[in-house]
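Shown below: data08.cif, with mmCIF, C-alpha atoms.
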```cif
data_coords
#
loop_
_atom_site.label_atom_id
_atom_site.label_comp_id
_atom_site.auth_asym_id
_atom_site.auth_seq_id
_atom_site.Cartn_x
_atom_site.Cartn_y
_atom_site.Cartn_z
CA MET A 8 -1.21 -110.95 34.93
CA LYS A 9 1.42 -109.98 32.36
CA ILE A 10 3.43 -106.79 32.45
CA VAL A 11 6.45 -105.54 30.55
CA LEU A 12 9.50 -104.27 32.38
CA ALA A 13 10.84 -101.27 30.51
CA THR A 14 14.53 -102.00 30.97
CA ARG A 15 17.35 -103.80 29.21
CA ASN A 16 19.53 -103.69 32.34
CA PRO A 17 20.05 -107.36 33.35
CA GLY A 18 20.75 -106.43 36.98
CA LYS A 19 17.47 -104.55 37.23
CA ILE A 20 15.47 -107.34 35.55
CA VAL A 21 16.74 -109.94 38.03
CA GLU A 22 16.02 -107.64 40.97
CA LEU A 23 12.53 -106.65 39.80
CA ARG A 24 11.48 -110.24 39.01
CA ARG A 25 12.23 -111.12 42.64
CA ILE A 26 10.26 -108.16 43.95
CA LEU A 27 7.27 -108.47 41.57
CA ASP A 28 6.79 -112.09 42.59
CA GLY A 29 3.67 -113.78 41.19
CA MET A 30 3.42 -111.67 38.06
CA THR A 31 4.53 -112.68 34.58
CA VAL A 32 7.23 -110.15 33.88
CA VAL A 33 8.58 -109.82 30.37
CA GLY A 34 11.77 -107.88 29.68
CA LEU A 35 12.13 -105.34 26.92
CA ASP A 36 14.21 -107.87 24.98
CA ALA A 37 10.92 -109.50 23.96
CA TYR A 38 10.05 -106.29 22.10
CA PRO A 39 13.02 -105.48 19.84
CA GLN A 40 10.84 -103.12 17.79
CA ILE A 41 10.47 -100.72 20.75
CA GLU A 42 13.20 -98.13 20.55
CA ASP A 43 14.95 -96.81 23.64
CA VAL A 44 13.42 -93.52 24.69
CA ALA A 45 15.77 -90.62 25.40
CA GLU A 46 15.76 -89.85 29.11
CA THR A 47 15.09 -86.16 28.70
CA GLY A 48 13.28 -85.77 32.03
CA LEU A 49 14.83 -83.75 34.82
CA THR A 50 13.48 -85.92 37.66
CA PHE A 51 13.33 -89.65 38.40
CA ALA A 52 9.52 -89.54 38.00
CA GLU A 53 9.65 -87.82 34.60
CA ASN A 54 12.11 -90.38 33.24
CA ALA A 55 10.30 -93.39 34.74
CA LEU A 56 7.02 -92.22 33.17
CA LEU A 57 8.67 -91.49 29.80
CA LYS A 58 9.94 -95.07 29.68
CA ALA A 59 6.76 -96.71 30.99
CA HIS A 60 4.52 -94.87 28.51
CA ALA A 61 6.78 -95.65 25.55
CA VAL A 62 6.73 -99.37 26.35
CA ALA A 63 3.00 -99.48 27.13
CA GLN A 64 2.31 -97.85 23.76
CA GLY A 65 4.78 -100.10 21.93
CA SER A 66 3.70 -103.38 23.52
CA GLY A 67 0.00 -102.83 24.12
CA LEU A 68 0.51 -104.17 27.65
CA PRO A 69 0.78 -102.58 31.10
CA ALA A 70 4.38 -101.45 31.44
CA VAL A 71 6.51 -100.84 34.47
CA ALA A 72 9.67 -98.72 34.51
CA ASP A 73 11.84 -97.18 37.12
CA ASP A 74 14.38 -94.46 37.28
CA SER A 75 16.83 -94.76 40.09
CA GLY A 76 20.06 -93.20 41.12
CA LEU A 77 22.57 -92.34 43.76
CA CYS A 78 22.21 -88.84 45.23
CA VAL A 79 25.43 -87.62 46.88
CA ASP A 80 25.03 -84.75 49.34
CA ALA A 81 28.45 -83.21 48.54
CA LEU A 82 27.49 -83.23 44.83
CA ASN A 83 24.15 -81.49 45.49
CA GLY A 84 22.28 -84.74 44.91
CA MET A 85 24.14 -85.79 41.78
CA PRO A 86 24.70 -88.20 39.94
CA GLY A 87 20.92 -88.53 40.55
CA ILE A 88 19.06 -89.08 37.28
CA PHE A 89 22.45 -89.22 35.52
CA SER A 90 23.71 -92.16 37.62
CA ALA A 91 23.76 -94.73 34.81
CA ARG A 92 25.43 -92.31 32.37
CA TRP A 93 27.62 -90.36 34.80
CA SER A 94 30.85 -91.15 32.94
CA GLY A 95 29.18 -90.38 29.62
CA ARG A 96 29.13 -94.10 28.82
CA HIS A 97 25.60 -95.34 29.52
CA GLY A 98 25.52 -98.43 31.71
CA ASP A 99 29.28 -98.67 32.22
CA ASP A 100 29.13 -99.39 35.96
CA ASP A 101 32.90 -99.51 36.40
CA ALA A 102 33.53 -96.20 34.66
CA ASN A 103 30.68 -94.49 36.53
CA LEU A 104 31.86 -95.75 39.91
CA ASP A 105 35.51 -94.90 39.27
CA LEU A 106 34.53 -91.39 38.21
CA LEU A 107 32.39 -90.79 41.30
CA LEU A 108 35.13 -92.04 43.64
CA ALA A 109 37.65 -89.72 41.98
CA GLN A 110 35.29 -86.74 42.14
CA VAL A 111 34.68 -87.09 45.89
CA SER A 112 38.21 -88.16 46.79
CA ASP A 113 38.84 -84.88 48.63
CA VAL A 114 35.47 -84.95 50.44
CA PRO A 115 36.09 -85.77 54.13
CA ASP A 116 34.44 -88.80 55.74
CA ALA A 117 32.09 -86.60 57.75
CA HIS A 118 30.57 -85.21 54.55
CA ARG A 119 30.12 -88.37 52.46
CA GLN A 120 26.38 -88.88 53.05
CA ALA A 121 24.33 -90.15 50.10
CA HIS A 122 21.07 -91.90 49.34
CA PHE A 123 19.76 -94.16 46.64
CA ALA A 124 16.39 -92.99 45.30
CA CYS A 125 13.92 -94.74 43.03
CA THR A 126 10.69 -93.79 41.34
CA ALA A 127 8.77 -96.76 39.92
CA ALA A 128 6.09 -96.05 37.34
CA LEU A 129 3.19 -98.00 35.87
CA ALA A 130 1.62 -96.96 32.57
CA LEU A 131 -1.29 -98.54 30.72
CA PRO A 132 -1.76 -98.49 26.93
CA THR A 133 -4.70 -96.16 27.65
CA GLY A 134 -2.26 -93.52 28.89
CA GLU A 135 -3.12 -93.83 32.58
CA GLU A 136 -0.13 -93.65 34.94
CA TRP A 137 0.92 -94.20 38.57
CA THR A 138 4.22 -93.73 40.44
CA ALA A 139 5.70 -94.84 43.77
CA GLU A 140 8.94 -93.82 45.46
CA GLY A 141 11.56 -95.33 47.72
CA ALA A 142 14.90 -94.30 49.22
CA ILE A 143 17.74 -95.69 51.34
CA HIS A 144 20.18 -93.45 53.19
CA GLY A 145 23.84 -94.12 53.93
CA SER A 146 27.34 -92.94 53.07
CA LEU A 147 30.13 -93.51 50.56
CA ILE A 148 33.33 -95.42 51.26
CA ARG A 149 36.57 -94.94 49.31
CA ALA A 150 37.08 -98.32 47.61
CA ARG A 151 34.82 -101.11 46.35
CA ARG A 152 33.62 -103.87 48.70
CA GLY A 153 31.34 -106.76 47.69
CA THR A 154 30.26 -108.31 44.42
CA ASN A 155 26.45 -108.46 44.65
CA GLY A 156 24.13 -105.85 43.19
CA PHE A 157 25.28 -103.47 40.48
CA GLY A 158 25.92 -99.79 39.86
CA TYR A 159 27.24 -97.95 42.90
CA ASP A 160 26.40 -100.76 45.38
CA PRO A 161 30.09 -101.58 46.10
CA ILE A 162 30.76 -98.13 47.64
CA PHE A 163 27.46 -97.48 49.49
CA VAL A 164 27.05 -98.42 53.17
CA PRO A 165 23.47 -98.04 54.48
CA ASP A 166 23.03 -96.20 57.78
CA GLY A 167 23.08 -98.68 60.68
CA ASP A 168 25.07 -101.30 58.76
CA SER A 169 28.80 -101.82 58.19
CA ARG A 170 28.44 -103.71 54.89
CA THR A 171 28.00 -102.18 51.45
CA THR A 172 24.81 -102.98 49.58
CA ALA A 173 27.05 -105.14 47.34
CA GLU A 174 27.83 -107.26 50.41
CA LEU A 175 24.16 -107.92 51.25
CA ASP A 176 22.29 -111.03 50.14
CA PRO A 177 19.79 -110.20 47.39
CA ASP A 178 16.81 -110.79 49.72
CA GLU A 179 18.41 -108.65 52.40
CA LYS A 180 18.97 -105.87 49.89
CA ASP A 181 15.41 -106.02 48.52
CA ALA A 182 14.03 -105.60 52.03
CA ILE A 183 15.72 -102.24 52.58
CA SER A 184 16.59 -100.92 49.13
CA HIS A 185 15.14 -97.87 47.40
CA ARG A 186 14.03 -100.08 44.51
CA GLY A 187 12.52 -102.70 46.82
CA LYS A 188 10.51 -100.04 48.63
CA ALA A 189 9.34 -98.33 45.44
CA PHE A 190 8.38 -101.56 43.67
CA ARG A 191 6.57 -103.05 46.66
CA ALA A 192 4.51 -99.89 46.78
CA LEU A 193 3.93 -100.07 43.03
CA ALA A 194 3.07 -103.80 43.24
CA GLU A 195 0.10 -102.93 45.43
CA ILE A 196 -1.03 -100.34 42.92
CA ILE A 197 -0.56 -102.85 40.08
CA SER A 198 -2.70 -105.47 41.81
CA GLN A 199 -5.52 -103.03 42.32
CA VAL A 200 -5.31 -101.45 38.86
CA LEU A 201 -5.02 -104.65 36.86
CA VAL A 202 -7.79 -106.39 38.82
CA THR A 203 -10.22 -103.52 38.31
CA SER A 204 -9.17 -102.70 34.72
CA PRO A 205 -10.99 -104.31 31.79
CA MET B 5 52.41 -53.67 46.67
CA LYS B 6 53.33 -57.35 46.34
CA ILE B 7 50.90 -60.21 46.65
CA VAL B 8 51.09 -63.91 45.91
CA LEU B 9 48.52 -65.59 43.67
CA ALA B 10 47.72 -68.98 45.12
CA THR B 11 47.44 -70.86 41.85
CA ARG B 12 49.60 -72.87 39.48
CA ASN B 13 46.96 -72.68 36.74
CA PRO B 14 48.62 -70.70 33.90
CA GLY B 15 45.26 -69.62 32.48
CA LYS B 16 44.21 -68.16 35.81
CA ILE B 17 47.55 -66.39 36.35
CA VAL B 18 47.33 -64.62 33.00
CA GLU B 19 43.74 -63.61 33.66
CA LEU B 20 44.34 -62.36 37.20
CA ARG B 21 47.45 -60.36 36.25
CA ARG B 22 45.29 -58.44 33.78
CA ILE B 23 42.59 -57.82 36.37
CA LEU B 24 44.89 -56.95 39.31
CA ASP B 25 46.62 -54.33 37.21
CA GLY B 26 49.15 -52.17 39.09
CA MET B 27 50.08 -54.75 41.70
CA THR B 28 53.15 -56.94 41.70
CA VAL B 29 51.64 -60.36 41.44
CA VAL B 30 53.84 -63.38 42.03
CA GLY B 31 52.67 -66.86 41.09
CA LEU B 32 52.95 -69.86 43.35
CA ASP B 33 55.81 -71.11 41.18
CA ALA B 34 58.03 -68.65 43.07
CA TYR B 35 57.35 -70.65 46.24
CA PRO B 36 58.10 -74.30 45.42
CA GLN B 37 58.24 -75.12 49.12
CA ILE B 38 54.54 -74.39 49.58
CA GLU B 39 52.63 -77.62 49.12
CA ASP B 40 49.27 -77.73 47.37
CA VAL B 41 46.48 -77.71 49.92
CA ALA B 42 43.72 -80.33 49.53
CA GLU B 43 40.50 -78.62 48.50
CA THR B 44 38.38 -80.19 51.23
CA GLY B 45 35.91 -77.32 51.44
CA LEU B 46 32.32 -77.78 50.32
CA THR B 47 31.88 -74.23 48.99
CA PHE B 48 33.84 -71.91 46.71
CA ALA B 49 34.52 -69.63 49.70
CA GLU B 50 35.85 -72.42 51.92
CA ASN B 51 38.26 -73.60 49.21
CA ALA B 52 39.41 -70.09 48.26
CA LEU B 53 40.14 -69.31 51.92
CA LEU B 54 41.93 -72.63 52.47
CA LYS B 55 44.27 -71.83 49.58
CA ALA B 56 44.80 -68.16 50.47
CA HIS B 57 45.64 -68.91 54.11
CA ALA B 58 48.05 -71.71 53.19
CA VAL B 59 49.97 -69.42 50.84
CA ALA B 60 49.92 -66.40 53.19
CA GLN B 61 51.37 -68.61 55.93
CA GLY B 62 53.94 -70.20 53.61
CA SER B 63 55.12 -67.00 51.93
CA GLY B 64 54.73 -64.44 54.69
CA LEU B 65 53.00 -62.17 52.15
CA PRO B 66 49.38 -61.21 51.47
CA ALA B 67 47.93 -64.00 49.37
CA VAL B 68 45.05 -64.07 46.96
CA ALA B 69 43.23 -67.18 45.84
CA ASP B 70 40.03 -67.97 44.08
CA ASP B 71 37.78 -70.92 43.68
CA SER B 72 35.61 -70.85 40.62
CA GLY B 73 33.43 -73.21 38.74
CA LEU B 74 30.63 -73.85 36.35
CA CYS B 75 27.25 -74.48 37.99
CA VAL B 76 24.83 -76.31 35.68
CA ASP B 77 21.14 -76.07 36.61
CA ALA B 78 20.28 -79.55 35.30
CA LEU B 79 23.12 -80.96 37.45
CA ASN B 80 21.88 -79.21 40.60
CA GLY B 81 24.72 -76.70 40.38
CA MET B 82 27.48 -79.19 39.67
CA PRO B 83 30.37 -79.44 38.64
CA GLY B 84 30.61 -76.39 40.97
CA ILE B 85 33.59 -76.68 43.30
CA PHE B 86 34.55 -79.88 41.44
CA SER B 87 34.84 -78.14 38.04
CA ALA B 88 38.62 -78.52 37.69
CA ARG B 89 38.55 -82.17 38.78
CA TRP B 90 35.20 -83.23 37.31
CA SER B 91 36.70 -86.06 35.25
CA GLY B 92 38.79 -87.17 38.22
CA ARG B 93 41.88 -85.76 36.48
CA HIS B 94 42.66 -82.41 38.10
CA GLY B 95 43.16 -79.65 35.57
CA ASP B 96 42.47 -81.78 32.48
CA ASP B 97 40.26 -79.23 30.70
CA ASP B 98 39.56 -81.46 27.72
CA ALA B 99 38.51 -84.46 29.80
CA ASN B 100 36.35 -82.32 32.10
CA LEU B 101 34.60 -80.61 29.20
CA ASP B 102 34.04 -83.86 27.27
CA LEU B 103 32.56 -85.48 30.36
CA LEU B 104 30.18 -82.60 31.03
CA LEU B 105 28.98 -82.53 27.43
CA ALA B 106 28.31 -86.28 27.55
CA GLN B 107 26.48 -86.03 30.87
CA VAL B 108 24.06 -83.37 29.64
CA SER B 109 23.70 -84.72 26.10
CA ASP B 110 20.06 -85.71 26.78
CA VAL B 111 19.21 -82.38 28.46
CA PRO B 112 17.00 -80.35 26.10
CA ASP B 113 18.06 -76.87 24.96
CA ALA B 114 15.38 -75.22 27.11
CA HIS B 115 17.00 -76.65 30.26
CA ARG B 116 20.70 -76.00 29.65
CA GLN B 117 21.05 -72.91 31.84
CA ALA B 118 24.31 -72.56 33.78
CA HIS B 119 26.43 -69.93 35.48
CA PHE B 120 30.08 -69.48 36.24
CA ALA B 121 30.68 -68.51 39.88
CA CYS B 122 33.82 -67.26 41.59
CA THR B 123 34.80 -66.47 45.14
CA ALA B 124 38.06 -64.53 45.44
CA ALA B 125 39.80 -64.51 48.81
CA LEU B 126 42.51 -62.40 50.41
CA ALA B 127 44.43 -63.69 53.44
CA LEU B 128 47.18 -61.98 55.40
CA PRO B 129 49.98 -63.76 57.26
CA THR B 130 48.25 -62.52 60.44
CA GLY B 131 45.27 -64.78 59.66
CA GLU B 132 42.89 -61.99 58.64
CA GLU B 133 40.67 -62.80 55.64
CA TRP B 134 38.25 -61.23 53.12
CA THR B 135 36.18 -62.63 50.25
CA ALA B 136 34.32 -61.25 47.23
CA GLU B 137 32.01 -62.99 44.77
CA GLY B 138 31.06 -62.78 41.12
CA ALA B 139 28.86 -64.69 38.67
CA ILE B 140 27.92 -64.74 35.00
CA HIS B 141 24.77 -66.45 33.74
CA GLY B 142 24.24 -68.19 30.41
CA SER B 143 23.65 -71.59 28.86
CA LEU B 144 25.53 -74.59 27.50
CA ILE B 145 25.91 -75.43 23.82
CA ARG B 146 26.62 -78.94 22.51
CA ALA B 147 30.06 -78.59 20.92
CA ARG B 148 33.13 -76.42 21.49
CA ARG B 149 33.43 -72.98 19.88
CA GLY B 150 36.38 -70.63 20.34
CA THR B 151 39.94 -70.95 21.55
CA ASN B 152 40.32 -68.18 24.14
CA GLY B 153 39.91 -68.71 27.86
CA PHE B 154 40.16 -72.14 29.45
CA GLY B 155 38.06 -74.70 31.26
CA TYR B 156 34.45 -74.77 30.14
CA ASP B 157 34.64 -71.47 28.20
CA PRO B 158 34.21 -73.15 24.77
CA ILE B 159 30.69 -74.41 25.60
CA PHE B 160 29.30 -71.48 27.64
CA VAL B 161 27.30 -68.69 25.96
CA PRO B 162 26.51 -65.72 28.26
CA ASP B 163 22.93 -64.47 28.31
CA GLY B 164 22.47 -61.70 25.74
CA ASP B 165 25.39 -62.84 23.58
CA SER B 166 25.71 -65.42 20.80
CA ARG B 167 29.42 -66.11 21.31
CA THR B 168 30.96 -68.48 23.83
CA THR B 169 33.27 -66.99 26.46
CA ALA B 170 36.06 -68.69 24.49
CA GLU B 171 35.16 -66.48 21.51
CA LEU B 172 35.42 -63.23 23.50
CA ASP B 173 38.54 -61.09 23.56
CA PRO B 174 40.31 -61.33 26.91
CA ASP B 175 39.35 -57.74 27.84
CA GLU B 176 35.76 -58.35 26.83
CA LYS B 177 35.68 -61.47 28.96
CA ASP B 178 37.19 -59.76 32.01
CA ALA B 179 34.52 -57.08 31.86
CA ILE B 180 31.66 -59.53 32.30
CA SER B 181 33.18 -62.69 33.77
CA HIS B 182 32.58 -64.15 37.22
CA ARG B 183 36.29 -63.95 37.93
CA GLY B 184 36.56 -60.38 36.65
CA LYS B 185 33.69 -59.27 38.88
CA ALA B 186 35.00 -61.09 41.96
CA PHE B 187 38.59 -59.87 41.55
CA ARG B 188 37.63 -56.26 40.83
CA ALA B 189 35.63 -56.32 44.06
CA LEU B 190 38.58 -57.93 45.85
CA ALA B 191 41.02 -55.43 44.31
CA GLU B 192 39.19 -52.63 46.09
CA ILE B 193 39.43 -54.50 49.37
CA ILE B 194 43.14 -55.19 48.73
CA SER B 195 43.90 -51.51 48.12
CA GLN B 196 42.21 -50.49 51.35
CA VAL B 197 43.66 -53.31 53.45
CA LEU B 198 47.23 -53.08 52.23
CA VAL B 199 47.29 -49.29 52.49
CA THR B 200 46.04 -49.33 56.07
CA SER B 201 47.94 -52.44 57.22
CA PRO B 202 51.35 -52.09 58.85
#
```

Render the structure in this file as C-alpha cells.
Amino acid sequence: MKIVLATRNPGKIVELRRILDGMTVVGLDAYPQIEDVAETGLTFAENALLKAHAVAQGSGLPAVADDSGLCVDALNGMPGIFSARWSGRHGDDDANLDLLLAQVSDVPDAHRQAHFACTAALALPTGEEWTAEGAIHGSLIRARRGTNGFGYDPIFVPDGDSRTTAELDPDEKDAISHRGKAFRALAEIISQVLVTSP
Amino acid sequence: MKIVLATRNPGKIVELRRILDGMTVVGLDAYPQIEDVAETGLTFAENALLKAHAVAQGSGLPAVADDSGLCVDALNGMPGIFSARWSGRHGDDDANLDLLLAQVSDVPDAHRQAHFACTAALALPTGEEWTAEGAIHGSLIRARRGTNGFGYDPIFVPDGDSRTTAELDPDEKDAISHRGKAFRALAEIISQVLVTSP
C-alpha cells in the first residue's frame, strides 16, 4: 500500500512515518515536478484538502496531507492556519516561535491557554476525499524548553503534564498529539478505502 | 477644562487634539513620573481603562486613553489589541505592517475584510470611569499607499472608498475613523461629566 505524503517538512515526515506504520510512505521530494500549492484556504480542512488533491493529481497515487497549527486563546485562535508562516517566513520555526512569545509577553499566566489542532486529509486521484481531526489542549510558557518535536513544541505544555511537547519522547508525543490523533483516525479510513478501492 | 491624554504615541496625540477641540489636552510627556502600564487586558476596553486609571491616579487630573487596533477577519480579529506590538516591537509601525502583509499574503482578495476598532476611556482621579466605542470597516490591500495617518493606515481601504486611510486628509479621516467616532462620543461624555463634577 503506497501513499504520498504531501509535505516537504522533514519534522512532519518523520512523525507521520511513525504513525502510519505498515504503509509505504513516500515524501513529496520524490515528486519534484509537483509544485507547492498556495495555502489559500481559511480552515485547516480546506488547506489539507488543497494539498492532498494537488499531490494525488500530480502523482497518480493516494495522497495524504495535513494542516496543523497552534491556536492561542488570547489571540482568538491564531496563529492557527498561519502557524508555519506566522513570522512571514514560511517554515522558520525559530522566527515564528520568537514572534509568538513576544506577542503574548503581556498576557498573564492565567490567560495563556492554547491548543494544537490538526486536520489530516486523504485524496485519491479520482477526486474522492476524506478528513479526520485531532487536538491537544494546554498552555504556553514564556521560554523554550526541550529539543524534540518542531514548531511551537518548546513552549507548549499539555494539560495534566509539566513538560513541554518538546520534552516528550516521540512515542509519548504521538500518543497524545493532535497529529497523532488525526492520523490514527485517518489511518483507519485509509485501510478501509485502499482495501476496497480498485 | 484640562485633561491628560494617556499616550506617548505622537500620531495619536496629533489626531486626538484635533478631535477633542476646545479642551486643553496635555500629553503624557508632561508627566515623566508616570510609568507606562502593562497592557495586560484582553479587550480594547480593559486596556483603555487600565491606561486611563493609571494616568488619572498619577496626575490627579481627568485622564483619557484609548486602545485601538486593526481586526482582520481572516486572522480571527487579530492583530486586535496586539496591533501596536504585532511584530513584538512595540510601536514599530513598519515592522508591524510588513508582518501583517506577509501573514495574509496567501489570503485571496475576496477574504481580506478588516475593521479598525477603538475604545476610548475617561477616568477620574476618584476612580469613576466611562467608555465609548467606534469602528470603521473595509479591506486590506497588498502594498502600502499614502503617507498620512500611522499604523496600518497605508494598507486599509474603507468600504465605499478607493483610497487608503493614509491617502485621506486628516479631517476626512477623523470624520469616518474608528478613533474619531469613539472620541466624539467620549467628548460628549467628558463635557457632561466635567461640567457636573466638583

Quick check, in Å to one decimal: how far apart do atom CA of Leu54 of chain B and atom CA of Thr130 of chain B lie?
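Separation between atom CA of Leu54 of chain B and atom CA of Thr130 of chain B: 14.3 Å.
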
Running the PyMOL selection byres ((chain A and resi 33) around 9) on this model by hand, what would come out? Give it as a PyMOL selection string.
chain A and resi 9-13+20+31-32+34-37

For Thr151 of chain B, work out the shell of residues within 9 Å, counting all atoms listed in the file and skipping chain neighbours fewer than 6 positions away, then give it as a CSV table (one decimal) with C-alpha atoms, keeping the file's coordinate frame.
```csv
chain,number,residue,atom,x,y,z
B,157,ASP,CA,34.6,-71.5,28.2
B,158,PRO,CA,34.2,-73.2,24.8
B,170,ALA,CA,36.1,-68.7,24.5
B,171,GLU,CA,35.2,-66.5,21.5
```

So, counting all atoms listed in the file, which residue among B:Gly131, B:Gly73, B:Gly26, B:Gly84 is closest to chain A?
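Selected residue with least distance to chain A: B:Gly84.
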
Find the nearest atom pair between each residue of chain B and chain A for residues within 10 Å, count all atoms listed in the file, give distances in Å to one decimal, sort rows by chain and ascending number, and present the table as CSV.
```
residue,atom,partner,partner_atom,distance
B:Ala42,CA,A:Asp113,CA,6.7
B:Glu43,CA,A:Asp113,CA,6.5
B:Thr44,CA,A:Asp113,CA,5.4
B:Gly45,CA,A:Val114,CA,7.7
B:Leu46,CA,A:Ala81,CA,6.9
B:Thr47,CA,A:Ala81,CA,9.6
B:Ala78,CA,A:Leu49,CA,6.9
B:Leu79,CA,A:Met85,CA,6.6
B:Asn80,CA,A:Asn83,CA,5.9
B:Gly81,CA,A:Asn83,CA,7.0
B:Met82,CA,A:Leu82,CA,6.6
B:Pro83,CA,A:Leu82,CA,7.8
B:Gly84,CA,A:Leu82,CA,8.5
B:Ile85,CA,A:Leu82,CA,9.1
B:Phe86,CA,A:Gln110,CA,6.9
B:Ser87,CA,A:Gln110,CA,9.5
B:Ala88,CA,A:Gln110,CA,9.9
B:Arg89,CA,A:Gln110,CA,6.5
B:Trp90,CA,A:Gln110,CA,6.0
B:Ser91,CA,A:Leu106,CA,6.5
B:Gly92,CA,A:Ala109,CA,4.7
B:Arg93,CA,A:Ala109,CA,8.0
B:His94,CA,A:Gln110,CA,9.5
B:Asp102,CA,A:Gly95,CA,8.5
B:Leu103,CA,A:Gly95,CA,6.0
B:Leu104,CA,A:Gly95,CA,8.0
B:Leu105,CA,A:Gly95,CA,8.2
B:Ala106,CA,A:Gly95,CA,4.7
B:Gln107,CA,A:Gly95,CA,5.3
B:Val108,CA,A:Phe89,CA,8.4
B:Ser109,CA,A:Gly95,CA,8.6
B:Asp110,CA,A:Thr47,CA,5.3
B:Val111,CA,A:Thr47,CA,5.6
B:Pro112,CA,A:Thr47,CA,6.6
B:His115,CA,A:Leu49,CA,8.7
```

Write a file of the selected residues as a short mmCIF file (atom, residue, chain, number, x, y, z; two decimals), in the coordinates of the input, keeping C-alpha atoms.
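The result, stored in again_2.cif:
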```
data_model
loop_
_atom_site.label_atom_id
_atom_site.label_comp_id
_atom_site.auth_asym_id
_atom_site.auth_seq_id
_atom_site.Cartn_x
_atom_site.Cartn_y
_atom_site.Cartn_z
CA ALA B 42 43.72 -80.33 49.53
CA GLU B 43 40.50 -78.62 48.50
CA THR B 44 38.38 -80.19 51.23
CA GLY B 45 35.91 -77.32 51.44
CA LEU B 46 32.32 -77.78 50.32
CA THR B 47 31.88 -74.23 48.99
CA ALA B 78 20.28 -79.55 35.30
CA LEU B 79 23.12 -80.96 37.45
CA ASN B 80 21.88 -79.21 40.60
CA GLY B 81 24.72 -76.70 40.38
CA MET B 82 27.48 -79.19 39.67
CA PRO B 83 30.37 -79.44 38.64
CA GLY B 84 30.61 -76.39 40.97
CA ILE B 85 33.59 -76.68 43.30
CA PHE B 86 34.55 -79.88 41.44
CA SER B 87 34.84 -78.14 38.04
CA ALA B 88 38.62 -78.52 37.69
CA ARG B 89 38.55 -82.17 38.78
CA TRP B 90 35.20 -83.23 37.31
CA SER B 91 36.70 -86.06 35.25
CA GLY B 92 38.79 -87.17 38.22
CA ARG B 93 41.88 -85.76 36.48
CA HIS B 94 42.66 -82.41 38.10
CA ASP B 102 34.04 -83.86 27.27
CA LEU B 103 32.56 -85.48 30.36
CA LEU B 104 30.18 -82.60 31.03
CA LEU B 105 28.98 -82.53 27.43
CA ALA B 106 28.31 -86.28 27.55
CA GLN B 107 26.48 -86.03 30.87
CA VAL B 108 24.06 -83.37 29.64
CA SER B 109 23.70 -84.72 26.10
CA ASP B 110 20.06 -85.71 26.78
CA VAL B 111 19.21 -82.38 28.46
CA PRO B 112 17.00 -80.35 26.10
CA HIS B 115 17.00 -76.65 30.26
#
```

Write out as a short mmCIF file (atom, residue, chain, number, x, y, z; two decimals) with C-alpha atoms, in the frame of the given file which residues come within 9 Å of Pro177 of chain A when counting all atoms listed in the file, dropping same-chain ones fewer than 2 positions away.
```cif
data_model
loop_
_atom_site.label_atom_id
_atom_site.label_comp_id
_atom_site.auth_asym_id
_atom_site.auth_seq_id
_atom_site.Cartn_x
_atom_site.Cartn_y
_atom_site.Cartn_z
CA GLU A 22 16.02 -107.64 40.97
CA ARG A 25 12.23 -111.12 42.64
CA ASN A 155 26.45 -108.46 44.65
CA GLY A 156 24.13 -105.85 43.19
CA ALA A 173 27.05 -105.14 47.34
CA LEU A 175 24.16 -107.92 51.25
CA GLU A 179 18.41 -108.65 52.40
CA LYS A 180 18.97 -105.87 49.89
CA ASP A 181 15.41 -106.02 48.52
CA ALA A 182 14.03 -105.60 52.03
#
```
